[in-house]
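Student: Pasting protein25.txt here (compact mmCIF, C-alpha atoms):
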# COMPACT_ATOMS: atom_id res chain seq x y z
CA MET A 1 35.69 -6.74 -32.73
CA ALA A 2 36.36 -8.51 -29.42
CA ILE A 3 36.32 -5.15 -27.58
CA THR A 4 32.92 -4.29 -29.15
CA ILE A 5 31.46 -7.51 -27.76
CA LEU A 6 33.30 -7.24 -24.45
CA MET A 7 32.27 -3.68 -23.55
CA PRO A 8 28.52 -4.25 -23.03
CA ILE A 9 29.36 -7.32 -20.93
CA ILE A 10 31.66 -5.19 -18.75
CA GLY A 11 28.89 -2.58 -18.39
CA ILE A 12 26.27 -5.16 -17.38
CA PHE A 13 28.75 -6.85 -15.03
CA GLY A 14 29.49 -3.50 -13.38
CA GLY A 15 25.78 -2.81 -12.93
CA ILE A 16 25.17 -6.23 -11.37
CA LEU A 17 28.14 -5.83 -9.01
CA GLY A 18 26.96 -2.39 -7.92
CA PHE A 19 23.42 -3.62 -7.29
CA THR A 20 24.66 -6.68 -5.38
CA GLY A 21 26.85 -4.44 -3.21
CA ILE A 22 23.89 -2.22 -2.29
CA LEU A 23 21.75 -5.30 -1.62
CA LEU A 24 24.44 -6.78 0.65
CA THR A 25 24.63 -3.50 2.63
CA THR A 26 20.93 -3.66 3.40
CA LEU A 27 20.86 -7.39 4.18
CA THR A 28 23.94 -7.73 6.39
CA GLU A 29 25.88 -5.26 8.45
CA THR A 30 29.06 -7.31 8.79
CA ALA A 31 30.19 -7.85 5.18
CA THR A 32 31.86 -4.43 4.87
CA GLN A 33 34.98 -5.74 3.08
CA THR A 34 32.95 -7.67 0.50
CA VAL A 35 30.70 -4.67 -0.15
CA LEU A 36 33.75 -2.45 -0.60
CA LEU A 37 35.26 -4.95 -3.08
CA PHE A 38 31.98 -5.25 -5.03
CA GLU A 39 31.47 -1.50 -5.24
CA GLY A 40 35.12 -0.90 -6.21
CA LEU A 41 34.93 -3.46 -9.04
CA ALA A 42 31.58 -1.99 -10.15
CA LEU A 43 33.11 1.49 -10.29
CA ILE A 44 36.05 0.26 -12.41
CA CYS A 45 33.78 -1.70 -14.81
CA LEU A 46 31.36 1.19 -15.27
CA THR A 47 34.17 3.72 -15.76
CA VAL A 48 35.74 1.50 -18.47
CA TYR A 49 32.34 1.11 -20.14
CA PHE A 50 31.52 4.83 -20.14
CA VAL A 51 34.99 5.87 -21.35
CA SER A 52 34.91 3.37 -24.24
CA ASN A 53 31.37 4.42 -25.27
CA TRP A 54 31.87 8.15 -24.74
CA HIS A 55 31.07 9.23 -28.33
CA ARG A 56 27.97 7.08 -28.54
CA LEU A 57 26.73 8.37 -25.20
CA LYS A 58 27.41 11.94 -26.29
CA THR A 59 25.35 11.51 -29.49
CA PHE A 60 22.58 9.77 -27.58
CA SER A 61 22.44 12.43 -24.87
CA ALA A 62 22.32 15.23 -27.47
CA ARG A 63 18.99 13.96 -28.84
CA ARG A 64 15.91 16.01 -27.96
CA SER A 65 13.89 13.02 -26.80
CA THR A 66 16.73 11.86 -24.54
CA ARG A 67 17.04 15.28 -22.93
CA LEU A 68 13.30 15.57 -22.33
CA GLY A 69 13.09 11.96 -21.15
CA PHE A 70 15.96 12.55 -18.77
CA ASN A 71 14.22 15.68 -17.48
CA SER A 72 11.10 13.61 -16.80
CA LEU A 73 13.10 10.94 -14.97
CA LEU A 74 14.88 13.62 -12.97
CA ALA A 75 11.55 15.22 -12.03
CA ILE A 76 10.18 11.84 -10.91
CA ALA A 77 13.37 11.15 -8.91
CA LEU A 78 13.09 14.57 -7.24
CA LEU A 79 9.46 13.95 -6.33
CA VAL A 80 10.37 10.52 -4.93
CA GLY A 81 13.07 12.21 -2.83
CA ILE A 82 10.60 14.79 -1.48
CA LEU A 83 8.05 12.05 -0.70
CA VAL A 84 10.70 9.97 1.10
CA ILE A 85 11.52 12.97 3.32
CA ILE A 86 7.82 13.66 4.02
CA ASN A 87 7.20 10.00 4.89
CA PHE A 88 10.30 9.89 7.09
CA LEU A 89 9.09 12.95 8.99
CA ALA A 90 5.60 11.44 9.31
CA ILE A 91 7.06 8.19 10.71
CA ARG A 92 9.27 9.97 13.25
CA HIS A 93 7.06 12.88 14.28
CA GLY A 94 3.54 12.06 13.06
CA GLY A 95 0.74 11.82 15.58
CA ARG A 96 -1.74 9.01 16.00
CA TRP A 97 -5.13 8.48 17.53
CA ASP A 98 -6.25 5.19 18.99
CA LEU A 99 -9.90 4.89 17.93
CA SER A 100 -10.13 1.13 18.44
CA GLU A 101 -13.03 -0.12 20.54
CA THR A 102 -10.84 -1.49 23.37
CA GLN A 103 -7.96 1.04 23.11
CA LYS A 104 -5.73 -1.88 22.22
CA PHE A 105 -2.90 0.29 20.86
CA THR A 106 -2.50 2.31 24.03
CA LEU A 107 -0.28 1.29 26.93
CA ALA A 108 -0.53 2.53 30.50
CA PRO A 109 1.91 5.33 31.51
CA GLN A 110 3.50 2.97 34.03
CA THR A 111 4.27 0.50 31.24
CA TYR A 112 5.98 3.23 29.22
CA GLN A 113 8.04 4.12 32.28
CA VAL A 114 9.14 0.51 32.79
CA LEU A 115 9.99 0.12 29.09
CA GLY A 116 12.17 3.23 29.27
CA GLN A 117 14.27 1.67 32.00
CA LEU A 118 14.82 -1.69 30.28
CA LYS A 119 18.41 -2.73 29.73
CA GLN A 120 17.91 -6.20 28.27
CA ASP A 121 15.64 -8.02 25.81
CA VAL A 122 12.05 -8.69 26.77
CA HIS A 123 10.62 -12.17 26.37
CA VAL A 124 7.10 -11.88 25.06
CA ARG A 125 4.77 -14.84 25.51
CA LEU A 126 1.52 -14.72 23.61
CA PHE A 127 -1.33 -17.21 23.81
CA SER A 128 -3.99 -17.54 21.17
CA HIS A 129 -6.31 -20.13 19.73
CA GLU A 130 -8.22 -20.56 16.52
CA ARG A 131 -11.58 -19.60 17.97
CA SER A 132 -10.45 -16.36 19.60
CA PRO A 133 -11.97 -13.30 17.96
CA GLY A 134 -9.56 -11.68 15.55
CA PHE A 135 -7.30 -14.74 15.39
CA ARG A 136 -4.74 -14.25 12.65
CA PRO A 137 -1.77 -16.22 11.30
CA THR A 138 1.12 -16.22 13.71
CA GLU A 139 3.45 -13.88 11.80
CA THR A 140 1.00 -11.01 11.80
CA TYR A 141 1.04 -10.75 15.60
CA TRP A 142 4.56 -9.40 15.25
CA ARG A 143 3.24 -6.28 13.57
CA ASP A 144 1.15 -5.34 16.59
CA ILE A 145 4.11 -5.05 18.91
CA PRO A 146 5.96 -2.17 17.17
CA THR A 147 2.66 -0.28 16.73
CA LEU A 148 2.31 -0.02 20.51
CA LEU A 149 5.20 2.38 20.82
CA PRO A 150 5.43 4.71 17.84
CA GLY A 151 6.15 8.35 18.49
CA LEU A 152 8.09 7.50 21.63
CA PRO A 153 11.85 7.50 22.02
CA PHE A 154 12.00 3.68 21.75
CA ARG A 155 13.04 1.39 18.97
CA LEU A 156 11.63 -2.12 18.96
CA SER A 157 13.24 -4.94 17.10
CA ILE A 158 11.93 -8.47 17.22
CA GLN A 159 14.67 -11.02 17.47
CA LYS A 160 14.86 -13.93 15.09
CA ASN A 161 14.66 -16.89 17.48
CA THR A 162 10.90 -17.07 17.50
CA LEU A 163 9.48 -20.23 18.95
CA ILE A 164 5.98 -21.31 18.08
CA SER A 165 4.69 -24.15 20.18
CA HIS A 166 1.34 -25.75 20.84
CA VAL A 167 0.08 -26.01 24.39
CA ASN A 168 -2.67 -28.51 25.09
CA LEU A 169 -5.02 -27.28 27.77
CA PRO A 170 -8.04 -29.35 28.86
CA SER A 171 -10.58 -27.41 26.80
CA ARG A 172 -8.79 -26.73 23.53
CA SER A 173 -5.41 -26.48 21.87
CA TRP A 174 -3.67 -23.14 22.32
CA ILE A 175 -0.87 -21.73 20.26
CA GLN A 176 1.94 -20.23 22.24
CA LEU A 177 4.25 -17.72 20.60
CA CYS A 178 7.47 -16.79 22.34
CA PHE A 179 9.79 -14.15 21.03
CA ARG A 180 12.32 -11.70 22.30
CA VAL A 181 11.78 -7.99 21.78
CA ARG A 182 14.68 -5.59 22.06
CA VAL A 183 13.64 -2.19 23.39
CA ARG A 184 16.28 0.48 22.85
CA PRO A 185 16.04 4.26 23.10
CA PHE A 186 16.71 6.15 19.86
CA MET A 187 20.25 7.46 19.58
CA MET B 1 -17.37 26.68 -15.53
CA THR B 2 -13.68 25.95 -15.23
CA PRO B 3 -11.99 23.58 -17.70
CA VAL B 4 -11.61 21.00 -14.95
CA SER B 5 -15.32 21.01 -14.06
CA ILE B 6 -16.26 20.78 -17.78
CA LEU B 7 -13.96 17.79 -18.19
CA ILE B 8 -15.29 16.17 -15.01
CA SER B 9 -18.90 16.53 -16.17
CA LYS B 10 -17.95 15.13 -19.60
CA GLU B 11 -16.25 12.13 -17.98
CA LEU B 12 -19.21 11.55 -15.65
CA ARG B 13 -21.58 11.65 -18.63
CA CYS B 14 -19.39 9.06 -20.37
CA PHE B 15 -19.58 6.85 -17.27
CA PHE B 16 -23.35 7.10 -16.94
CA VAL B 17 -24.03 6.23 -20.59
CA SER B 18 -21.63 3.29 -20.47
CA PRO B 19 -22.94 -0.17 -19.50
CA VAL B 20 -19.54 -0.94 -17.94
CA PHE B 21 -20.25 1.44 -15.05
CA TYR B 22 -23.62 -0.16 -14.28
CA VAL B 23 -22.20 -3.67 -14.46
CA VAL B 24 -19.20 -2.79 -12.27
CA GLY B 25 -21.38 -0.87 -9.80
CA THR B 26 -23.87 -3.71 -9.52
CA ILE B 27 -21.14 -6.32 -9.01
CA PHE B 28 -19.39 -4.15 -6.41
CA LEU B 29 -22.55 -3.49 -4.41
CA PHE B 30 -23.76 -7.09 -4.72
CA ILE B 31 -20.44 -8.52 -3.48
CA SER B 32 -20.19 -6.03 -0.60
CA GLY B 33 -23.79 -6.72 0.43
CA PHE B 34 -23.34 -10.48 0.14
CA LEU B 35 -20.12 -10.40 2.20
CA ALA B 36 -21.83 -8.28 4.87
CA HIS B 37 -24.72 -10.79 4.94
CA LEU B 38 -22.26 -13.69 5.40
CA MET B 39 -20.47 -11.89 8.25
CA VAL B 40 -23.75 -11.09 10.01
CA VAL B 41 -24.97 -14.70 9.66
CA ASN B 42 -21.64 -15.91 11.06
CA ALA B 43 -21.95 -13.49 14.01
CA GLY B 44 -25.50 -14.71 14.61
CA GLN B 45 -24.33 -18.34 14.68
CA GLN B 46 -21.60 -17.46 17.17
CA ALA B 47 -24.19 -15.69 19.36
CA VAL B 48 -26.40 -18.80 19.36
CA ARG B 49 -23.40 -21.01 20.19
CA LEU B 50 -22.43 -18.77 23.10
CA LEU B 51 -26.05 -18.70 24.28
CA GLN B 52 -26.04 -22.52 24.41
CA ILE B 53 -22.78 -22.57 26.39
CA GLN B 54 -23.33 -19.64 28.77
CA HIS B 55 -27.17 -19.78 29.02
CA SER B 56 -27.26 -15.99 28.73
CA TYR B 57 -27.09 -13.41 25.95
CA ALA B 58 -23.49 -12.96 24.88
CA GLN B 59 -21.92 -9.54 24.35
CA LEU B 60 -20.54 -9.93 20.84
CA ASN B 61 -18.03 -7.50 19.42
CA LEU B 62 -19.56 -6.66 16.02
CA ASN B 63 -16.56 -4.54 15.08
CA ASP B 64 -14.38 -7.64 15.25
CA LEU B 65 -16.85 -10.19 13.93
CA VAL B 66 -18.53 -8.26 11.12
CA PHE B 67 -16.96 -4.98 10.09
CA ARG B 68 -13.25 -5.78 10.33
CA GLN B 69 -13.73 -9.00 8.35
CA LEU B 70 -15.82 -7.09 5.84
CA PHE B 71 -13.16 -4.42 5.36
CA TYR B 72 -10.49 -7.11 4.88
CA SER B 73 -12.58 -8.78 2.18
CA MET B 74 -13.50 -5.48 0.51
CA ASP B 75 -9.80 -4.79 -0.03
CA MET B 76 -9.67 -7.69 -2.47
CA VAL B 77 -12.88 -6.55 -4.18
CA LEU B 78 -11.41 -3.08 -4.72
CA MET B 79 -8.29 -4.63 -6.19
CA PHE B 80 -10.35 -6.31 -8.92
CA VAL B 81 -13.09 -3.75 -9.51
CA LEU B 82 -11.25 -0.42 -9.64
CA PRO B 83 -8.94 -1.23 -12.59
CA ILE B 84 -12.10 -1.82 -14.65
CA LEU B 85 -13.35 1.67 -13.78
CA THR B 86 -10.08 3.38 -14.75
CA MET B 87 -9.14 1.34 -17.82
CA ARG B 88 -10.97 3.54 -20.32
CA LEU B 89 -9.83 6.98 -19.09
CA PHE B 90 -6.87 7.52 -21.44
CA ALA B 91 -6.83 4.26 -23.40
CA GLU B 92 -10.15 5.09 -25.06
CA GLU B 93 -9.00 8.61 -25.99
CA ARG B 94 -5.95 7.16 -27.67
CA LYS B 95 -7.91 4.45 -29.46
CA LEU B 96 -10.50 6.94 -30.78
CA ARG B 97 -7.72 9.37 -31.80
CA THR B 98 -9.18 12.13 -29.63
CA PHE B 99 -6.10 12.18 -27.45
CA GLU B 100 -4.20 14.51 -29.82
CA LEU B 101 -7.23 16.80 -29.84
CA LEU B 102 -7.23 16.86 -26.07
CA LEU B 103 -3.50 17.60 -25.91
CA THR B 104 -3.73 20.46 -28.43
CA SER B 105 -6.77 22.01 -26.75
CA PRO B 106 -6.18 25.03 -24.46
CA ILE B 107 -6.26 22.82 -21.35
CA GLY B 108 -3.12 21.95 -19.44
CA ILE B 109 -2.05 18.38 -18.72
CA ASN B 110 -2.56 19.03 -15.01
CA GLU B 111 -6.22 19.82 -15.67
CA ILE B 112 -6.67 16.76 -17.89
CA ILE B 113 -5.14 14.36 -15.36
CA SER B 114 -6.89 15.86 -12.34
CA ALA B 115 -10.28 16.00 -14.08
CA LYS B 116 -10.14 12.38 -15.21
CA PHE B 117 -8.95 11.28 -11.79
CA MET B 118 -11.57 13.35 -9.96
CA SER B 119 -14.38 11.96 -12.10
CA VAL B 120 -13.49 8.34 -11.39
CA LEU B 121 -12.90 9.19 -7.71
CA LEU B 122 -16.41 10.68 -7.46
CA ILE B 123 -17.85 7.52 -8.99
CA PHE B 124 -15.94 5.35 -6.52
CA LEU B 125 -16.89 7.45 -3.48
CA GLY B 126 -20.52 7.34 -4.61
CA LEU B 127 -20.41 3.53 -4.77
CA LEU B 128 -18.61 3.36 -1.43
CA SER B 129 -21.18 5.58 0.25
CA LEU B 130 -23.91 3.15 -0.85
CA THR B 131 -22.22 0.37 1.15
CA ALA B 132 -22.79 2.48 4.32
CA PHE B 133 -26.31 1.04 4.45
CA THR B 134 -24.87 -2.06 6.15
CA PRO B 135 -23.71 -0.33 9.38
CA LEU B 136 -26.71 2.00 9.31
CA VAL B 137 -29.19 -0.88 9.17
CA LEU B 138 -27.25 -2.91 11.74
CA SER B 139 -27.21 0.07 14.14
CA ILE B 140 -30.99 -0.24 14.42
CA TYR B 141 -30.70 -3.76 15.84
CA SER B 142 -27.45 -3.62 17.80
CA THR B 143 -24.92 -1.30 19.39
CA PHE B 144 -21.31 -1.00 18.35
CA GLU B 145 -18.43 1.47 18.29
CA TRP B 146 -18.63 3.85 15.33
CA ASN B 147 -15.03 5.07 15.44
CA PRO B 148 -13.38 1.89 14.06
CA ILE B 149 -16.05 1.78 11.33
CA LEU B 150 -15.29 5.36 10.32
CA THR B 151 -11.56 4.62 10.20
CA GLY B 152 -12.39 1.51 8.17
CA TYR B 153 -14.29 3.61 5.64
CA LEU B 154 -11.43 6.10 5.60
CA ALA B 155 -9.07 3.18 4.90
CA MET B 156 -11.23 1.98 2.01
CA ALA B 157 -11.49 5.50 0.58
CA LEU B 158 -7.72 6.04 0.77
CA GLN B 159 -6.96 2.56 -0.56
CA GLY B 160 -9.41 3.09 -3.41
CA THR B 161 -7.90 6.49 -4.23
CA PHE B 162 -4.47 4.89 -4.42
CA PHE B 163 -5.73 2.05 -6.64
CA LEU B 164 -7.48 4.56 -8.91
CA SER B 165 -4.25 6.53 -9.34
CA CYS B 166 -2.51 3.26 -10.30
CA GLY B 167 -5.31 2.71 -12.82
CA VAL B 168 -4.89 6.21 -14.27
CA LEU B 169 -1.17 5.55 -14.67
CA ALA B 170 -1.80 2.21 -16.40
CA SER B 171 -4.36 3.80 -18.71
CA THR B 172 -1.84 6.41 -19.93
CA MET B 173 0.58 3.67 -20.98
CA THR B 174 -1.52 1.84 -23.57
CA GLU B 175 -4.40 2.30 -26.00
CA ASN B 176 -5.90 -1.11 -25.27
CA GLN B 177 -8.41 -0.99 -22.41
CA VAL B 178 -8.00 -4.66 -21.47
CA VAL B 179 -4.23 -4.27 -21.33
CA ALA B 180 -4.71 -1.12 -19.20
CA ALA B 181 -6.92 -3.04 -16.74
CA PHE B 182 -4.44 -5.90 -16.46
CA LEU B 183 -1.51 -3.50 -16.14
CA SER B 184 -3.29 -1.63 -13.38
CA PHE B 185 -4.05 -4.89 -11.58
CA GLY B 186 -0.40 -5.93 -12.03
CA ILE B 187 0.87 -2.68 -10.47
CA ILE B 188 -1.49 -3.06 -7.49
CA LEU B 189 -0.52 -6.73 -7.08
CA ALA B 190 3.20 -5.89 -7.22
CA ILE B 191 2.80 -3.25 -4.49
CA TRP B 192 0.78 -5.72 -2.42
CA LEU B 193 3.43 -8.45 -2.78
CA LEU B 194 6.15 -6.07 -1.59
CA GLY B 195 4.75 -6.61 1.91
CA SER B 196 5.24 -10.38 1.68
CA LEU B 197 8.77 -9.87 0.36
CA GLY B 198 9.47 -7.50 3.25
CA GLY B 199 8.13 -10.12 5.67
CA LEU B 200 10.53 -12.71 4.22
CA LEU B 201 13.51 -10.39 4.67
CA GLY B 202 12.50 -9.82 8.30
CA ASP B 203 13.79 -7.06 10.52
CA THR B 204 16.40 -5.67 8.10
CA ILE B 205 16.40 -2.15 6.61
CA LEU B 206 15.32 -3.53 3.23
CA GLY B 207 12.62 -5.70 4.80
CA THR B 208 11.18 -2.82 6.81
CA THR B 209 11.28 -0.50 3.79
CA LEU B 210 9.54 -3.03 1.53
CA SER B 211 6.87 -3.68 4.16
CA TYR B 212 6.30 0.06 4.46
CA LEU B 213 6.00 0.42 0.66
CA SER B 214 3.21 -2.16 0.59
CA PHE B 215 -0.27 -0.94 1.50
CA THR B 216 -1.15 -4.00 3.62
CA GLU B 217 0.18 -2.81 6.97
CA HIS B 218 -1.23 0.72 6.48
CA TYR B 219 -4.67 -0.62 5.59
CA ASP B 220 -4.50 -3.13 8.44
CA ARG B 221 -3.80 -0.43 11.04
CA LEU B 222 -6.56 1.85 9.79
CA ILE B 223 -9.28 -0.80 9.77
CA ARG B 224 -8.33 -1.80 13.31
CA GLY B 225 -9.01 1.74 14.48
CA LEU B 226 -5.51 3.19 14.65
CA LEU B 227 -5.51 6.51 12.85
CA ASP B 228 -1.85 7.24 12.19
CA VAL B 229 -0.50 10.25 10.29
CA LYS B 230 2.12 8.10 8.56
CA ASP B 231 -0.56 5.89 7.00
CA ILE B 232 -2.45 8.87 5.60
CA VAL B 233 0.82 10.38 4.35
CA TYR B 234 1.68 7.03 2.72
CA TYR B 235 -1.59 6.90 0.78
CA LEU B 236 -1.43 10.54 -0.29
CA SER B 237 2.23 10.15 -1.33
CA GLY B 238 1.46 7.03 -3.35
CA THR B 239 -1.48 8.67 -5.08
CA GLY B 240 0.53 11.83 -5.81
CA LEU B 241 3.45 9.84 -7.20
CA MET B 242 1.28 7.73 -9.50
CA LEU B 243 -0.53 10.79 -10.84
CA PHE B 244 2.76 12.62 -11.35
CA ILE B 245 4.20 9.70 -13.36
CA ALA B 246 0.96 9.63 -15.37
CA HIS B 247 1.42 13.37 -16.00
CA ARG B 248 4.98 12.81 -17.28
CA ILE B 249 3.81 9.98 -19.56
CA VAL B 250 1.04 12.12 -21.07
CA ASP B 251 3.52 14.98 -21.50
CA SER B 252 5.94 12.63 -23.26
CA HIS B 253 3.41 12.21 -26.11
CA ARG B 254 4.13 15.79 -27.08
CA TRP B 255 7.79 15.23 -27.84
CA GLN B 256 7.98 11.52 -28.67
Could I get this structure in the form of structure tokens?

Tutor:
Amino acid sequence: MAITILMPIIGIFGGILGFTGILLTTLTETATQTVLLFEGLALICLTVYFVSNWHRLKTFSARRSTRLGFNSLLAIALLVGILVIINFLAIRHGGRWDLSETQKFTLAPQTYQVLGQLKQDVHVRLFSHERSPGFRPTETYWRDIPTLLPGLPFRLSIQKNTLISHVNLPSRSWIQLCFRVRVRPFM
Amino acid sequence: MTPVSILISKELRCFFVSPVFYVVGTIFLFISGFLAHLMVVNAGQQAVRLLQIQHSYAQLNLNDLVFRQLFYSMDMVLMFVLPILTMRLFAEERKLRTFELLLTSPIGINEIISAKFMSVLLIFLGLLSLTAFTPLVLSIYSTFEWNPILTGYLAMALQGTFFLSCGVLASTMTENQVVAAFLSFGIILAIWLLGSLGGLLGDTILGTTLSYLSFTEHYDRLIRGLLDVKDIVYYLSGTGLMLFIAHRIVDSHRWQ
């Protein structure tokens, strides 16, 4: 009786541990030991659950609706896989055309050359004010910076220590955004 | 006529005899026209202000002041309007018990899905083309760059196509049209919020992936005049995936 109640709990626990482990891998790069422990425990829990429910799973999987449903899920998973590959290829090798009115997404060749030789982080200082055309909330300016260099052998990552300060000039109040951008060539 | 074209014409007939289409079309065109009017009035006020300061006619960027703001606002309008257009596609068939008839007819599921989707897409593109009067009329009185406007319209067409595919998917899941509309809106909202979640997680793999999965950054780039292959691939992938899931759900009715 106790085992009947315990087994679903072990299964759910295993699932949660496995999911947490995957989540930790994507969030931090340093917690390797913890991730290994979580995934190991998840594997043990799920193995115990599947072994104890083997007959039930076998009956369930033999049903026609289960087989067809599984086929559908498999087909969707396969399509998702294909789409992920296509999108990955489009991100890495896709072309782009700057049709904006001021060519704002295009940098001069000299700038590209300088960026290619950078060995340390770049401090970007951006000034804006509420009345400037196209003024947007501060966070969205971040998105513009990586779009300047796609398709080139550079990887941009904006560092966390962003400082937003207000500068009072005689005419009006300006917002100053300072952040560090790391420019690294692709490996 | 091919089975697909017969089904498309049948669906279009259903749209044109339904009051829902006329109401939705009127609201869509009224809101887009009203928003365009507001943007133009705002641009006019800015021109007057600059004239008072500089004592000369100011060179205003209409792409920035009118069209970009209009495309941003139209995104929200599409989010609300398009689920209403798609809600009846499959839900009505199931409610009227004609769905079984459709499934047992000598037409494949591919044809059924593509015909229903194509019909609603034609309706949407027709409505969208009517909003082109705004830049056409404005071009008589002022000069502006056409390229960002064309990419903006491409963005709206792709965004709308994606939303319609979400609506088709939602409509296959239920026989209640209201539930289908809300479900469709919920799916679109969830995809939209993925971008905010990605922004919260910052520059991590998960954060970047979630931001990419949301349509906000793709739409944003297109309406600002950056035509990127990855954005077009994103929209086509999303539309294809939604329609494929809808196909599997319709197919599941055969063996459930």

Student: Please measure the separation of CA of Phe28 in chain B and CA of Val81 in chain B, giving the value in Å to one decimal.

Tutor: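 For CA of Phe28 in chain B relative to CA of Val81 in chain B, the distance reads 7.0 Å.
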
Student: Which residues of chain A have any atom within 6 Å of an atom in chain B when counting all atoms listed in the file, and what is the closest pair of atoms for each, with the distance in Å to one decimal? Order the rows by chain and rising number and write it as CSV.

Tutor:
residue,atom,partner,partner_atom,distance
A:Thr26,CA,B:Leu206,CA,5.6
A:Ala90,CA,B:Lys230,CA,4.9
A:Ile91,CA,B:Lys230,CA,5.4
A:Gly94,CA,B:Val229,CA,5.2
A:Gly95,CA,B:Val229,CA,5.7
A:Arg96,CA,B:Asp228,CA,4.2
A:Trp97,CA,B:Leu227,CA,5.1
A:Asp98,CA,B:Leu226,CA,4.8
A:Leu99,CA,B:Gly225,CA,4.8
A:Ser100,CA,B:Gly225,CA,4.2

Student: Which value, in Å to one decimal, gives the distance between CA of Tyr49 in chain A and CA of Ile12 in chain A?

Tutor: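 Computing the Euclidean distance for CA of Tyr49 in chain A and CA of Ile12 in chain A yields 9.2 Å.
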
Student: Compare B:Thr174, B:Thr26, B:Thr2, B:Ser32 by their minimum atom-to-atom distance to Phe133 in chain B, counting only C-alpha atoms, and give me the closest one.

Tutor: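 Comparing B:Thr174, B:Thr26, B:Thr2, B:Ser32 against Phe133 in chain B, the winner is B:Ser32.
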
Student: Kindly indicate which residue among B:Leu102, B:Leu194, B:Leu200, B:Val168 lies nearest to Phe117 in chain B, using only C-alpha atoms for the distances.

Tutor: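 With only C-alpha atoms as the atom set, the closest residue is B:Val168.
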
Student: In Å, with one decimal, what is the gap from CA of Leu125 in chain B to CA of Phe90 in chain B?

Tutor: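 Separating CA of Leu125 in chain B from CA of Phe90 in chain B is a distance of 20.6 Å.
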
Student: Considering only C-alpha atoms, return as a list in words whatever protein or nucleic-acid residues lie within 12 Å of Met39 in chain B, sequence-local ones (same chain, fewer than 2 positions apart) excluded.

Tutor: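 These residues fall inside the cut-off: Ser32, Gly33, Phe34, Leu35, Ala36, His37, Val41, Asn42, Ala43, Gly44, Gln45, Gln46, Leu62, Asn63, Asp64, Leu65, Val66, Phe67, Arg68, Gln69, Leu70, Phe71, Tyr72, Ser73, Thr134 and Leu138 of chain B.
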
Student: Just want the 9 Å neighbourhood of Leu121 in chain B, counted on only C-alpha atoms, with same-chain residues fewer than 6 positions away dropped. Output as a PyMOL selection string.

Tutor: chain B and resi 160-161+164

Student: Go through A:Ser52, A:Thr59, A:Thr66, A:Thr34 one by one, measure the shortest atom-to-atom distance of each to Leu6 in chain A using all atoms listed in the file, and give the residue with the smallest value.

Tutor: A:Ser52

Student: I need the residue nearest Ile112 in chain B from this list: B:Leu213, B:Ile31, B:Val4, B:Ala181. Use only C-alpha atoms for the distance.

Tutor: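 Going through B:Leu213, B:Ile31, B:Val4, B:Ala181 one by one, the smallest distance to Ile112 in chain B is for B:Val4.
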
Student: Provide an axis-aligned box for all listed atoms of range 158-171 of chain B, padding each side by 6 Å; report its centre and its edge lengths in Å to one decimal, as JSON.

Tutor:
{"center_x": -5.3, "center_y": 4.3, "center_z": -9.0, "size_x": 20.2, "size_y": 16.5, "size_z": 31.5}

Student: Counting all atoms listed in the file, which of B:Met76, B:Ile6, B:Leu29, B:Leu243 gets nearest to Thr131 in chain B?

Tutor: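 Selected residue with least distance to Thr131 in chain B: B:Leu29.
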
Student: Could you pull the residues within 12 Å of Met79 in chain B, counting all atoms listed in the file, minus those fewer than 3 positions along the same chain, as a ChimeraX atom specification?

Tutor: /B:28,72-76,82-86,156,159-164,166-167,181-182,184-192,215
